[in-house]
Amino acid sequence: MTQFAIELEQVERSFAGRPAVRQLDLCLPRGEICGFIGPNGSGKTTTIRMILRILRPDSGRVCVLGSEQGGCADDRLGYLPEERGLYRRMKVGQLLRYYAHLKSYRNCDRDIREWLARFDAGDWINRRLDTLSKGMCQKVQFIAAVIARPQLLILDEPFSGLDPVSSEQLSEAILEMQSRGTSILLSTHDMDVAERMCERVVMIFHGRKVLDGTPHSIRAQYPAREILVRTAVQDSLPQQIPGVIERRSVGDFEQLSLDNDVAPARVLQHIAQAAELEHFELIRPALQRIFLRIVESSRESQSAESGSQDRKMLLVRSPQPAHAESPKFAAATSHPESLPRF
Amino acid sequence: MGKILTIARREYAALVATRAFLVGLCVTPLLLLGGLLGPGLTNARTQELCRVAVVDHTGKLTQSLRDELRHPGAVQDLANGLSQLHQLSGRDAGREEPIPEFELEEIPAATFSDLQRLQLSDRIRSGELYGFLEIPADLLTAGADTDTIHPLWVSEVTVLAKNRRYLSAALTEVVRIVRLSAHLDAEELRFVQQYSDLHDSFEIRSPYYRDAEGQIVAGSRKSTFSSVVVPLVLLLMMFLVIMMSAQPMLESVLEEKTLRISEVLLGSASARQLMIGKLLGNVAGSLTIFAVYVVGCLMLGAMAGVPAILSPAVLPWYLLFQILAVLLFSALFMSIAAAVSQMREAQCLLMPVWGVIMLPMFLILSILEDPNSTLATAISFFPPSAPMVMTMRLTSGTPIPPIQIAGSLVMLLLGTACSIIAAARIYRGGLLLQGRAARGTDVLNWLWNTDDTQ
């Protein structure tokens, strides 16, 4: 048995000549939760559909739970789509039974009752889905995804529409599924969720993988470029601090943004000489910030590249590929350490 | 196979185990019955005294006309003819046409002028008179080549008004008898009158044949019921079954597509399994509708003493054609639903499909007049109309050449297979298309690409 629940190697997929996924490598070790992040239209859904065997890749290798065989749905997979995938006129119990039977899981009645009870929804079993709220439907959808005890669970925005209590219930359920050995691919826009729940985070943008690692290692790749300081005497920080490009007050604290080539230790040394320090803290960039920066940086470089290409086209009047990659972006994607620093 | 049956069971339940289905099942025949009985009830209410003024310039016809209208001969013929016409059109079967009661007011013709015409017209407008009839003086003397004899009928009712037709039928009969009586004796006149009724007394049978023991046996007796009513009822039943099973298929696929249910389903079953399961569920649903209607018809027939509408010899053919029709049209509706994103778009695409489904309905009379005509034979080989046309032909009592039955069946099988294969490709490609209807190029691409998705 392979150690990976999902193995994608150099997977490519286009629609009408437009690439949706390009040279994508992705591995999800068994029993892990992998955050799958990326802005809208970045190729997440196409990738998920290829993992679910709904779509076939144009090239590359897709191996799911050790099986490369395409052309048939896999009963070992559970899937929760981003938008509701529920028959509104069915009753909750009927629907869950139907989805379980479709996964060839017949004796599901006890599981249905247990899952519903777990979400404080024991009395919903005979209620029609069109009488439930969005959050309630989301819970039913989650149960539908896990009712057949899948080995690999793909969750697309599972926390959407849930209140904090329900979110917590769902988080616990997901972690429990993991503890039972289920591998989970968690597609989300919520970086806090990704940081909190995932052992690994993969980000794709414009069909390419631009980030892959544990939340810790990713943050480590992006050294702290901001510090938080508080002095014993208010406003005693010098007006000019070498290497600080921006400063702002946050309550009693001052938050300083550092230039890329300045070591925080040098700034500390300079401040300590000028004022009596009470607090000095390096702020590691949150995943959210990294995500935003990558997207912004990629967009900027792409638009710069397309502008440059436009100029070239005007000068030499020769056609250029519309999807030509920006060298900067290509470098960033190949070498995460060369991503823009912040 | 387990997944296909699971999907088929759900589709069947979604089609049959709903209040809407039960209501539709009961209301549709009631609406049809209403259509049959409604005009009769309305007519019964509108049978009023029909007051007509007669200006008889011949001076000989008013009393005869009054007698003819009171003691109908030609009028009764017309009533019988109308009853038969209603039976042919599937309406008012078995009901006798009520004859209106006329009161004729004789207006002296000698001094009749435009002023009196105006006065009579005023009485018509006020509702006192139904109309007035002016009989030309030379009606009893004009030669056969005369085309200028036109009795004048003034009224506010339409040209097709039934009472006007009774009046003209009675006048025609009176003129015929008066003119014939000048040349024939009473006995010959009676024969001429009876001869005109012979067409109703024909005993119509299929050709004679020899039975297994070599005895000559008369063919089965044909009646309006067996030759006209049975094919019409079966045609209507097949149409209802198609309508009640294909339309829900469209709604089901559209719901799955727009609510992204199809994405979940495709993660659990292949598009092929999904489609076959849905079609099987639909066929099962259509058979349920068929069973309900057939049992209902048999029960009503038994209560009314009417013979069974489906003979055991025709039943397997009917079922086969119905199953193939449901498969063909369900596949067609399914592909339309997969190719669009909203019901409104689907309705635009459905219009030509409904046209094709309705085609046999437009040609009912032509087919029933001659079930082996070139037209009837030709459209028997056109897969979308083959089931309904062949059902009419097979149950009309006219022998259909076996080669034509086989040919029609083969064409229908091929058509259904092609329709399912094409629908499967469109369904597979269209299910994942969100936010817009498929373009022609998309559909061509899906039809051409056999190995894109599951």
# chains A, B, ... in the order shown; residues from 1 in each chain; ligands from 1
>>> select_by_dssp(residues="range 97-282 of chain A", states="strand (DSSP E or B)", output="PyMOL selection string")
chain A and resi 128+152-156+183-187+200-205+208-213+226-231+244-250+253-258+277-282
>>> interface_residues(of="chain A", to="chain B", cutoff="7 Å", atoms="only C-alpha atoms", output="PyMOL selection string")
chain A and resi 52+54-56+71-75+79+83-86+101-103
>>> residues_around(residues="His216 in chain A", least_positions_apart="6", cutoff="10 Å", atoms="only C-alpha atoms", output="ChimeraX atom specification")
/A:195,199-201,284,286-287
>>> write_last_selection(atoms="N, CA and C atoms", output="JSON list (two decimals), in the first residue's frame")
[["chain", "number", "residue", "atom", "x", "y", "z"],
["A", 195, "GLU", "N", -4.18, 27.01, 8.77],
["A", 195, "GLU", "CA", -3.05, 27.05, 9.69],
["A", 195, "GLU", "C", -3.31, 26.19, 10.92],
["A", 199, "GLU", "N", -1.74, 19.78, 8.44],
["A", 199, "GLU", "CA", -0.32, 19.47, 8.61],
["A", 199, "GLU", "C", 0.48, 19.99, 7.43],
["A", 200, "ARG", "N", -0.23, 20.19, 6.36],
["A", 200, "ARG", "CA", 0.45, 20.58, 5.13],
["A", 200, "ARG", "C", -0.45, 21.54, 4.37],
["A", 201, "VAL", "N", 0.15, 22.48, 3.69],
["A", 201, "VAL", "CA", -0.63, 23.43, 2.90],
["A", 201, "VAL", "C", -0.07, 23.50, 1.49],
["A", 284, "ARG", "N", 5.99, 36.94, 12.82],
["A", 284, "ARG", "CA", 6.06, 36.03, 11.68],
["A", 284, "ARG", "C", 4.84, 36.31, 10.78],
["A", 286, "ALA", "N", 1.54, 35.76, 8.85],
["A", 286, "ALA", "CA", 0.50, 34.72, 8.87],
["A", 286, "ALA", "C", 0.33, 34.17, 7.46],
["A", 287, "LEU", "N", -0.26, 32.99, 7.39],
["A", 287, "LEU", "CA", -0.47, 32.35, 6.09],
["A", 287, "LEU", "C", -1.31, 33.23, 5.17]]
>>> residues_around(residues="Gln322 in chain B", least_positions_apart="2", cutoff="10 Å", atoms="only C-alpha atoms", output="list in words")
Met237, Met238, Phe239, Val241, Ile242, Val283, Ser286, Leu287, Phe290, Pro316, Trp317, Tyr318, Leu319, Leu320, Leu324, Ala325, Val326, Leu327, Leu328, Pro387, Met388 and Thr391 of chain B
>>> closest_residue(among="B:Thr374, B:Ser227, B:Ser330, B:Ser419", to="Gly281 in chain B", atoms="only C-alpha atoms")
B:Ser330
>>> residues_around(residues="Leu447 in chain B", least_positions_apart="5", cutoff="7 Å", atoms="only C-alpha atoms", output="CSV table (one decimal) with N, CA and C atoms, in the first residue's frame")
chain,number,residue,atom,x,y,z
B,422,ALA,N,-26.0,9.6,-27.9
B,422,ALA,CA,-25.8,11.1,-28.0
B,422,ALA,C,-26.1,11.8,-26.7
B,425,ARG,N,-23.4,11.4,-24.1
B,425,ARG,CA,-22.2,12.3,-24.3
B,425,ARG,C,-22.5,13.7,-23.9
B,426,ILE,N,-23.7,14.2,-24.3
B,426,ILE,CA,-24.1,15.6,-23.9
B,426,ILE,C,-24.2,15.6,-22.4
